[in-house]
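Student: Sharing structure_31.cif, mmCIF, C-alpha atoms:
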```cif
data_query
#
loop_
_atom_site.label_atom_id
_atom_site.label_comp_id
_atom_site.auth_asym_id
_atom_site.auth_seq_id
_atom_site.Cartn_x
_atom_site.Cartn_y
_atom_site.Cartn_z
CA MET A 471 38.29 -60.30 -9.47
CA HIS A 472 37.91 -59.69 -13.19
CA GLY A 473 40.99 -58.18 -14.82
CA PHE A 474 40.54 -55.58 -17.56
CA PRO A 475 43.14 -53.44 -19.30
CA VAL A 476 43.55 -49.96 -17.89
CA PRO A 477 41.89 -47.59 -20.38
CA GLN A 478 44.17 -45.03 -21.93
CA PRO A 479 43.06 -41.49 -21.09
CA SER A 480 42.09 -39.24 -23.97
CA PRO A 481 45.13 -37.31 -25.24
CA ASN A 482 43.79 -33.96 -24.03
CA LEU A 483 42.48 -35.18 -20.66
CA ALA A 484 45.35 -33.70 -18.64
CA ALA A 485 44.70 -30.25 -20.08
CA ILE A 486 40.96 -30.62 -19.50
CA LEU A 487 41.50 -31.61 -15.87
CA GLU A 488 43.82 -28.64 -15.40
CA ARG A 489 41.03 -26.35 -16.64
CA VAL A 490 38.47 -28.12 -14.41
CA HIS A 491 40.65 -27.54 -11.36
CA ALA A 492 41.15 -23.90 -12.35
CA ILE A 493 37.37 -23.46 -12.65
CA GLY A 494 37.00 -25.24 -9.33
CA ARG A 495 39.40 -22.94 -7.52
CA ASP A 496 38.37 -19.67 -9.18
CA THR A 497 34.63 -20.09 -9.75
CA ILE A 498 33.09 -23.13 -8.05
CA ALA A 499 34.69 -23.08 -4.59
CA PRO A 500 33.98 -19.38 -3.86
CA HIS A 501 30.24 -19.98 -4.33
CA ALA A 502 29.97 -23.51 -2.90
CA ASP A 503 28.96 -22.47 0.61
CA ALA A 504 26.24 -20.13 -0.69
CA VAL A 505 24.94 -22.83 -3.06
CA ASP A 506 24.69 -25.19 -0.09
CA ARG A 507 23.32 -22.66 2.41
CA ASP A 508 20.67 -21.25 0.08
CA ALA A 509 19.90 -24.54 -1.73
CA ARG A 510 20.33 -22.69 -4.99
CA PHE A 511 21.41 -23.85 -8.43
CA PRO A 512 25.19 -23.38 -8.96
CA THR A 513 24.75 -21.00 -11.89
CA GLU A 514 28.33 -19.74 -11.90
CA ALA A 515 29.75 -23.28 -11.95
CA ILE A 516 27.56 -24.57 -14.77
CA GLU A 517 28.15 -21.46 -16.89
CA ALA A 518 31.90 -21.94 -16.45
CA LEU A 519 31.64 -25.58 -17.52
CA LYS A 520 29.57 -24.54 -20.55
CA SER A 521 32.23 -22.02 -21.51
CA GLU A 522 34.71 -24.91 -21.77
CA LYS A 523 32.21 -26.97 -23.82
CA LEU A 524 32.27 -29.64 -21.11
CA LEU A 525 28.54 -30.38 -21.29
CA SER A 526 29.24 -32.06 -24.64
CA ALA A 527 32.36 -33.88 -23.44
CA TYR A 528 30.85 -37.34 -24.13
CA VAL A 529 29.51 -36.47 -27.58
CA PRO A 530 31.60 -38.20 -30.31
CA PRO A 531 34.00 -35.98 -32.28
CA GLU A 532 32.13 -36.64 -35.53
CA HIS A 533 29.21 -34.75 -34.00
CA GLY A 534 31.38 -31.95 -32.64
CA GLY A 535 32.01 -33.18 -29.10
CA MET A 536 35.18 -34.04 -27.22
CA GLY A 537 34.65 -37.79 -27.48
CA LEU A 538 35.75 -38.47 -23.91
CA ASN A 539 35.17 -41.96 -22.49
CA ILE A 540 33.61 -43.12 -19.24
CA SER A 541 36.99 -43.28 -17.51
CA ASP A 542 37.74 -39.67 -18.51
CA LEU A 543 34.35 -38.46 -17.29
CA SER A 544 34.83 -40.27 -13.99
CA LYS A 545 38.02 -38.29 -13.37
CA ILE A 546 36.23 -35.00 -14.16
CA CYS A 547 33.39 -35.86 -11.76
CA GLU A 548 35.93 -36.68 -9.06
CA ALA A 549 37.74 -33.39 -9.63
CA LEU A 550 34.55 -31.30 -9.51
CA ALA A 551 33.56 -32.88 -6.20
CA PHE A 552 36.69 -31.47 -4.56
CA TYR A 553 35.02 -28.07 -4.81
CA CYS A 554 31.23 -28.59 -4.77
CA ALA A 555 29.45 -31.94 -4.66
CA SER A 556 26.20 -30.44 -5.97
CA THR A 557 27.97 -29.13 -9.06
CA ALA A 558 29.63 -32.52 -9.56
CA MET A 559 26.28 -34.29 -9.20
CA ILE A 560 24.58 -32.02 -11.75
CA PHE A 561 27.44 -32.57 -14.19
CA ALA A 562 27.33 -36.33 -13.61
CA MET A 563 23.56 -36.60 -14.05
CA HIS A 564 23.68 -34.53 -17.22
CA GLN A 565 26.39 -36.79 -18.67
CA ILE A 566 24.24 -39.86 -17.91
CA GLN A 567 21.49 -38.40 -20.10
CA VAL A 568 23.97 -37.53 -22.85
CA ALA A 569 25.28 -41.10 -22.74
CA CYS A 570 21.75 -42.49 -23.14
CA ILE A 571 21.38 -40.51 -26.36
CA VAL A 572 24.91 -41.25 -27.62
CA HIS A 573 24.67 -44.99 -26.95
CA HIS A 574 21.12 -45.55 -28.15
CA ALA A 575 19.82 -42.83 -30.46
CA LEU A 576 22.49 -41.60 -32.87
CA GLY A 577 21.07 -43.79 -35.61
CA SER A 578 18.23 -41.26 -35.71
CA GLU A 579 18.67 -38.13 -37.80
CA TYR A 580 16.65 -36.21 -35.21
CA PHE A 581 19.05 -37.10 -32.39
CA GLN A 582 22.10 -36.51 -34.56
CA ARG A 583 20.88 -32.96 -35.08
CA TYR A 584 20.02 -32.64 -31.40
CA VAL A 585 23.49 -33.58 -30.11
CA GLU A 586 25.06 -31.19 -32.60
CA GLU A 587 22.82 -28.43 -31.19
CA LEU A 588 23.82 -29.56 -27.69
CA VAL A 589 27.48 -29.08 -28.60
CA GLU A 590 26.85 -25.62 -30.01
CA ARG A 591 24.45 -24.35 -27.32
CA GLN A 592 25.63 -26.47 -24.36
CA TYR A 593 22.17 -27.70 -23.40
CA LEU A 594 21.77 -29.03 -19.86
CA ILE A 595 19.67 -32.23 -19.70
CA ALA A 596 17.86 -33.46 -16.58
CA SER A 597 16.16 -36.78 -15.86
CA ALA A 598 12.67 -37.83 -14.74
CA THR A 599 12.68 -41.53 -13.88
CA THR A 600 11.07 -41.70 -10.44
CA GLU A 601 7.31 -41.39 -10.13
CA LEU A 602 4.67 -41.24 -7.43
CA GLY A 603 3.16 -44.67 -6.91
CA ILE A 604 6.13 -46.83 -7.98
CA GLY A 605 8.26 -46.58 -4.84
CA GLY A 606 11.52 -45.53 -6.49
CA ASP A 607 11.57 -48.39 -9.02
CA VAL A 608 12.98 -46.74 -12.15
CA ARG A 609 12.18 -49.88 -14.15
CA SER A 610 8.48 -49.23 -13.71
CA SER A 611 6.23 -46.40 -14.90
CA ILE A 612 2.62 -45.43 -14.39
CA CYS A 613 2.66 -42.52 -16.82
CA ALA A 614 2.32 -43.43 -20.49
CA VAL A 615 3.33 -41.64 -23.66
CA ASN A 616 0.40 -41.22 -26.04
CA VAL A 617 1.41 -41.07 -29.70
CA ALA A 618 -1.04 -39.79 -32.28
CA GLY A 619 0.39 -39.55 -35.77
CA ASP A 620 3.73 -37.78 -35.48
CA THR A 621 3.15 -36.17 -32.07
CA PHE A 622 3.11 -37.33 -28.46
CA THR A 623 1.70 -36.20 -25.13
CA LEU A 624 2.56 -37.34 -21.60
CA GLU A 625 2.06 -36.35 -17.98
CA LYS A 626 4.24 -37.58 -15.13
CA GLN A 627 4.11 -36.95 -11.38
CA ALA A 628 7.79 -36.94 -10.53
CA PRO A 629 8.71 -36.56 -6.82
CA VAL A 630 12.26 -35.58 -7.85
CA ILE A 631 13.61 -33.87 -10.97
CA SER A 632 17.09 -32.63 -10.14
CA TYR A 633 17.76 -29.10 -11.48
CA GLY A 634 14.50 -29.43 -13.44
CA GLU A 635 13.78 -25.71 -13.55
CA SER A 636 17.30 -24.93 -14.80
CA ALA A 637 17.45 -27.63 -17.48
CA ASP A 638 17.04 -27.15 -21.21
CA ALA A 639 15.56 -30.62 -21.69
CA ILE A 640 14.51 -33.65 -19.63
CA LEU A 641 14.72 -37.36 -20.47
CA VAL A 642 11.51 -38.97 -19.19
CA THR A 643 10.69 -42.64 -18.68
CA ALA A 644 7.14 -43.70 -19.49
CA ARG A 645 5.13 -46.71 -20.57
CA LYS A 646 5.22 -46.92 -24.36
CA SER A 647 1.40 -46.74 -24.55
CA GLU A 648 -1.68 -46.76 -22.33
CA GLU A 649 -2.00 -50.51 -22.94
CA ALA A 650 1.62 -51.34 -22.06
CA SER A 651 2.68 -52.96 -18.80
CA ARG A 652 4.53 -50.90 -16.19
CA ASN A 653 7.97 -52.16 -17.21
CA ASP A 654 7.38 -51.84 -20.97
CA GLN A 655 9.00 -48.42 -21.07
CA VAL A 656 10.41 -45.87 -23.48
CA HIS A 657 12.71 -42.90 -22.97
CA VAL A 658 11.41 -39.55 -24.21
CA LEU A 659 13.39 -36.35 -24.70
CA VAL A 660 11.19 -33.36 -23.82
CA LYS A 661 12.54 -29.89 -24.57
CA LYS A 662 11.93 -26.78 -22.48
CA SER A 663 9.63 -25.38 -25.15
CA ASP A 664 7.58 -28.61 -25.04
CA TYR A 665 6.82 -28.95 -21.33
CA THR A 666 5.42 -27.28 -18.25
CA LEU A 667 6.48 -28.02 -14.68
CA LYS A 668 4.04 -27.58 -11.79
CA ARG A 669 5.96 -27.76 -8.54
CA MET A 670 4.51 -30.19 -6.02
CA SER A 671 7.34 -30.55 -3.45
CA GLU A 672 10.38 -28.61 -2.24
CA TRP A 673 14.05 -29.62 -1.85
CA ASP A 674 15.10 -28.73 1.69
CA THR A 675 17.56 -31.51 2.50
CA LEU A 676 20.62 -32.27 4.58
CA GLY A 677 23.03 -32.44 1.63
CA PHE A 678 23.30 -32.05 -2.16
CA ARG A 679 21.19 -28.97 -1.63
CA GLY A 680 22.36 -27.24 -4.80
CA THR A 681 20.91 -29.94 -7.04
CA CYS A 682 17.49 -28.29 -6.48
CA SER A 683 15.70 -31.63 -6.81
CA ASN A 684 12.14 -30.42 -6.37
CA GLY A 685 9.14 -32.55 -7.31
CA PHE A 686 6.96 -31.63 -10.27
CA VAL A 687 3.99 -32.61 -12.33
CA LEU A 688 5.56 -32.65 -15.79
CA THR A 689 3.22 -32.18 -18.76
CA SER A 690 4.63 -32.32 -22.26
CA GLN A 691 3.89 -32.65 -25.92
CA GLY A 692 6.23 -32.87 -28.86
CA CYS A 693 7.35 -34.71 -31.96
CA ALA A 694 7.26 -38.52 -31.91
CA GLU A 695 10.87 -38.49 -33.14
CA GLN A 696 11.82 -37.36 -29.62
CA ILE A 697 11.16 -40.90 -28.33
CA LEU A 698 14.45 -42.80 -28.25
CA PRO A 699 14.31 -45.64 -30.82
CA VAL A 700 15.10 -48.54 -28.45
CA PRO A 701 13.25 -49.93 -25.40
CA TYR A 702 14.18 -48.36 -22.07
CA ALA A 703 15.11 -51.83 -20.80
CA ASP A 704 18.10 -51.80 -23.17
CA ILE A 705 19.00 -48.23 -22.23
CA HIS A 706 18.86 -49.09 -18.53
CA SER A 707 21.06 -52.19 -18.70
CA LYS A 708 23.76 -50.76 -20.99
CA THR A 709 23.80 -47.13 -19.91
CA MET A 710 21.55 -45.76 -17.18
CA HIS A 711 22.50 -48.36 -14.57
CA PRO A 712 26.30 -48.76 -15.03
CA PHE A 713 26.99 -45.20 -16.18
CA SER A 714 25.12 -43.72 -13.21
CA HIS A 715 26.96 -45.73 -10.60
CA SER A 716 30.31 -45.07 -12.29
CA VAL A 717 30.00 -41.28 -12.29
CA TRP A 718 28.21 -41.11 -8.92
CA GLY A 719 30.89 -43.29 -7.35
CA SER A 720 33.51 -41.01 -8.86
CA LEU A 721 32.12 -37.85 -7.33
CA TRP A 722 31.73 -39.60 -3.95
CA LEU A 723 35.40 -40.53 -4.30
CA GLY A 724 36.12 -36.85 -4.89
CA ILE A 725 34.34 -35.92 -1.65
CA ALA A 726 36.29 -38.59 0.24
CA THR A 727 39.63 -37.61 -1.32
CA ASP A 728 39.19 -33.96 -0.41
CA ALA A 729 38.20 -34.95 3.14
CA VAL A 730 41.38 -37.03 3.52
CA GLY A 731 43.39 -34.14 2.08
CA ARG A 732 42.02 -31.84 4.77
CA ALA A 733 42.79 -34.45 7.42
CA ARG A 734 46.36 -34.67 6.11
CA SER A 735 46.69 -30.89 6.43
CA ALA A 736 45.55 -31.12 10.04
CA VAL A 737 48.09 -33.86 10.82
CA ARG A 738 50.92 -31.90 9.20
CA ALA A 739 50.02 -28.82 11.22
CA GLU A 740 50.08 -30.89 14.40
CA ALA A 741 53.40 -32.50 13.46
CA ARG A 742 55.06 -29.12 12.97
CA LYS A 743 54.38 -28.28 16.61
CA ASN A 744 56.56 -31.16 17.78
CA PRO A 745 58.62 -32.57 14.88
CA SER A 746 60.32 -35.22 17.03
CA VAL A 747 57.10 -37.03 17.98
CA PRO A 748 54.56 -38.11 15.32
CA PRO A 749 51.06 -37.07 16.43
CA VAL A 750 48.52 -39.77 17.32
CA SER A 751 46.34 -38.46 14.49
CA ALA A 752 48.96 -39.67 11.99
CA LEU A 753 47.96 -43.26 12.78
CA ARG A 754 44.32 -42.40 12.18
CA LEU A 755 45.31 -40.79 8.88
CA ALA A 756 47.13 -43.95 7.81
CA GLU A 757 44.02 -45.99 8.64
CA VAL A 758 41.59 -43.80 6.71
CA ASP A 759 43.93 -43.68 3.73
CA THR A 760 43.68 -47.48 3.42
CA VAL A 761 39.87 -47.15 3.29
CA LEU A 762 40.20 -44.50 0.58
CA PHE A 763 42.49 -46.89 -1.32
CA THR A 764 39.80 -49.59 -1.13
CA MET A 765 37.14 -47.19 -2.41
CA ARG A 766 39.30 -46.01 -5.30
CA SER A 767 40.27 -49.57 -6.25
CA ALA A 768 36.65 -50.74 -6.34
CA LEU A 769 35.68 -47.80 -8.52
CA GLN A 770 38.57 -48.19 -10.94
CA GLN A 771 37.97 -51.92 -11.32
CA THR A 772 34.33 -51.45 -12.28
CA VAL A 773 34.90 -48.42 -14.51
CA HIS A 774 37.65 -50.27 -16.38
CA GLU A 775 35.34 -53.24 -16.91
CA TYR A 776 32.51 -51.02 -18.14
CA HIS A 777 34.85 -49.13 -20.45
CA GLN A 778 36.03 -52.40 -22.00
CA LEU A 779 32.49 -53.72 -22.44
CA LEU A 780 31.53 -50.54 -24.28
CA LEU A 781 34.58 -50.92 -26.53
CA ASN A 782 33.69 -54.56 -27.25
CA ASP A 783 30.19 -53.47 -28.31
CA ASP A 784 28.69 -56.84 -27.40
CA PRO A 785 24.90 -56.41 -27.00
CA GLU A 786 24.74 -59.46 -24.73
CA ALA A 787 27.36 -58.21 -22.27
CA PHE A 788 24.94 -56.04 -20.35
CA THR A 789 22.42 -58.81 -19.73
CA ASN A 790 24.99 -60.61 -17.57
CA PHE A 791 23.99 -60.92 -13.91
CA GLY A 792 27.65 -60.90 -12.89
CA PHE A 793 28.25 -57.43 -14.33
CA ALA A 794 25.01 -56.06 -12.87
CA LEU A 795 25.99 -57.43 -9.46
CA ARG A 796 29.40 -55.80 -9.64
CA VAL A 797 27.85 -52.45 -10.57
CA ASN A 798 25.40 -52.74 -7.67
CA ASN A 799 28.22 -53.72 -5.32
CA LEU A 800 30.16 -50.66 -6.46
CA LYS A 801 27.27 -48.38 -5.55
CA VAL A 802 26.73 -49.92 -2.13
CA THR A 803 30.46 -50.00 -1.35
CA CYS A 804 31.22 -46.43 -2.40
CA SER A 805 28.12 -44.95 -0.77
CA GLN A 806 29.01 -46.59 2.54
CA LEU A 807 32.73 -45.89 2.45
CA VAL A 808 32.35 -42.19 1.67
CA VAL A 809 30.51 -41.70 4.97
CA ASP A 810 33.13 -43.72 6.87
CA ILE A 811 36.02 -41.80 5.31
CA VAL A 812 34.57 -38.33 5.87
CA SER A 813 33.61 -39.21 9.46
CA GLN A 814 37.13 -40.41 10.23
CA ALA A 815 38.61 -37.33 8.55
CA MET A 816 36.48 -35.12 10.77
CA ILE A 817 37.77 -36.86 13.89
CA ILE A 818 41.34 -36.30 12.68
CA CYS A 819 40.67 -32.61 12.00
CA GLY A 820 38.99 -32.24 15.37
CA ILE A 821 37.11 -29.06 16.16
CA ASN A 822 38.38 -27.43 12.96
CA GLY A 823 36.66 -30.14 10.93
CA TYR A 824 33.48 -29.65 12.94
CA ARG A 825 33.37 -25.87 12.60
CA ASN A 826 31.61 -24.28 9.62
CA ASP A 827 33.99 -21.30 9.58
CA SER A 828 37.23 -23.27 9.33
CA LYS A 829 39.37 -23.97 6.26
CA LEU A 830 39.29 -27.62 7.35
CA SER A 831 35.49 -27.70 7.73
CA LEU A 832 33.94 -31.05 6.75
CA GLY A 833 30.31 -30.40 7.59
CA ARG A 834 29.20 -30.04 3.96
CA HIS A 835 31.24 -33.10 2.97
CA LEU A 836 29.54 -35.20 5.64
CA ARG A 837 26.04 -34.00 4.82
CA ASP A 838 26.56 -34.65 1.12
CA ALA A 839 28.08 -38.06 1.86
CA TYR A 840 24.96 -39.24 3.68
CA GLY A 841 22.92 -38.70 0.53
CA ALA A 842 24.88 -41.35 -1.36
CA ALA A 843 23.16 -44.36 0.22
CA LEU A 844 19.73 -42.84 -0.47
CA MET A 845 20.17 -42.24 -4.21
CA VAL A 846 18.63 -45.50 -5.39
CA ASN A 847 18.32 -46.78 -1.83
CA ASN A 848 20.94 -49.34 -0.82
CA ASP A 849 18.26 -51.63 0.63
CA ARG A 850 16.57 -51.76 -2.78
CA ILE A 851 19.89 -52.58 -4.43
CA LEU A 852 20.70 -55.33 -1.93
CA GLY A 853 17.24 -56.77 -2.49
CA GLN A 854 17.95 -56.93 -6.22
CA ASN A 855 21.32 -58.52 -5.52
CA SER A 856 19.77 -61.21 -3.35
CA THR A 857 17.60 -62.30 -6.28
CA MET A 858 20.40 -62.13 -8.84
CA GLN A 859 22.76 -64.11 -6.59
CA ILE A 860 20.43 -67.09 -6.74
CA MET A 861 20.32 -66.99 -10.56
CA HIS A 862 23.96 -66.03 -11.25
CA ARG A 863 26.60 -68.55 -12.32
CA GLU A 864 30.25 -67.57 -12.52
CA GLY A 865 32.19 -68.30 -15.66
#
```
Step by step, read the file and then write its structure as structure tokens.

Tutor:
Amino acid sequence: MHGFPVPQPSPNLAAILERVHAIGRDTIAPHADAVDRDARFPTEAIEALKSEKLLSAYVPPEHGGMGLNISDLSKICEALAFYCASTAMIFAMHQIQVACIVHHALGSEYFQRYVEELVERQYLIASATTELGIGGDVRSSICAVNVAGDTFTLEKQAPVISYGESADAILVTARKSEEASRNDQVHVLVKKSDYTLKRMSEWDTLGFRGTCSNGFVLTSQGCAEQILPVPYADIHSKTMHPFSHSVWGSLWLGIATDAVGRARSAVRAEARKNPSVPPVSALRLAEVDTVLFTMRSALQQTVHEYHQLLLNDDPEAFTNFGFALRVNNLKVTCSQLVVDIVSQAMIICGINGYRNDSKLSLGRHLRDAYGAALMVNNDRILGQNSTMQIMHREG
């Protein structure tokens, strides 16, 4: 275990979380079933988050944002997932894109202006990293950005662009030129006015249905200044990889926590029927709570480490195999445990957990939970780990 100081929450985090929970209860939860049933974008939820300026939560205060840190954002993602996992996933994925710009592009006057516009207008940013023909390897691209003078063009066949049709901009990975190798990539911000999306696949899935992750052929042109000024390899190691697994793990923790909360309600209801004899389900609740504790501990450990590495601002820290392994282990651990926890919670709740018309229903939780292991497939991650384990030296 690697010990890191517990990050201090931002001074206004408690008030922000109170507002997030209020939005969750009043706006997100009432529409969550319809978002899931109809596989539609959670418009009401995102508009409510925009009204609180939460889409610019990670933007530094000097550019008008809240200046929250990764630990703060993790808590918001967890809270949102209590009410609607699709909304939490959209928020998390947007914040990943914001972090890529904040960490790697604010030396550019263009991106300084862009984040200030984002704060004012609450732009929603999507991501296009996967591509037909590369098998889910985000560190490889077939599409290339073609720069001529001060403009660029690109075309990408993306099998998944979450909430692509509802976004105001998309960050796209591409080879830096037609001559570049597949892993010699750049990150390009394309704005809604710059691109067209031709749908090539639908999003009719078991869970996370409200993310509307259809596939598209994305064609874009724009100003060359919209290309982030550092190689994508640096963006991936410092931001895209650890930030993604931190906020995804947090929202999976939110799903699991709410499932255990529903199980606890079921046990309490059973206990009230015969106060002198603890129900058998209380033992099952104690067991699943220990699994939730393990999941939360793994997440907090890795988020605290990542937070400290960002504070240290050491450019070499993110090339360390040990840190990359721990981030990968976090993803695999959380994505497996969320399914275990929700499944056990459903057994505790019994038929009321199984029913779709019950206040204790866990069907949506379970369907969303199964998506966790497929987002950057766990087998791919374990394959990467097997290679890194051979090369890694502790110390």

Student: Applied to this file, what does the PyMOL selection byres ((chain A and resi 739) around 12) return in terms of residues, put as a list in words?

Tutor: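 That selection, the PyMOL selection byres ((chain A and resi 739) around 12), comes back as Arg732, Ala733, Arg734, Ser735, Ala736, Val737, Arg738, Glu740, Ala741, Arg742, Lys743, Asn744, Pro745, Pro748, Pro749, Ser751, Ala752, Ile818, Cys819, Asn822 and Leu830 of chain A.
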
Student: Within 9 Å of A:Arg669, counting all atoms listed in the file, which residues qualify if same-chain residues fewer than 3 places away don't, as a count of residues only?

Tutor: 6

Student: Suppose a student applies the PyMOL selection byres ((chain A and resi 523) around 10) to this structure; what residues should they get, written as a ChimeraX atom specification?

Tutor: /A:517-522,524-527,535-536,588-592

Student: Would you kindly translate the PyMOL selection byres ((chain A and resi 533) around 10) into the concrete residues it picks from this file, as a VMD selection string?

Tutor: chain A and resid 526 529 to 532 534 to 537 576 582 to 589

Student: Could you list, as an MDAnalysis selection string, every residue within 12 Å of A:Ser720, counting all atoms listed in the file and ignoring same-chain residues fewer than 3 positions away?

Tutor: chainID A and resid 540:552 555 558:559 561:562 713:717 723:727 765:770 772:773 800:801 804:805 808 842

Student: Have a look at A:Ser746, A:Phe791, A:Gln778, A:Asn798 and name the one nearest to A:Gly719; count all atoms listed in the file.

Tutor: A:Asn798

Student: Using only C-alpha atoms, which of the listed residues (A:Ala502, A:Ile493, A:Leu753, A:Cys570) sits closest to A:Pro701?

Tutor: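 The closest residue to A:Pro701 is A:Cys570.
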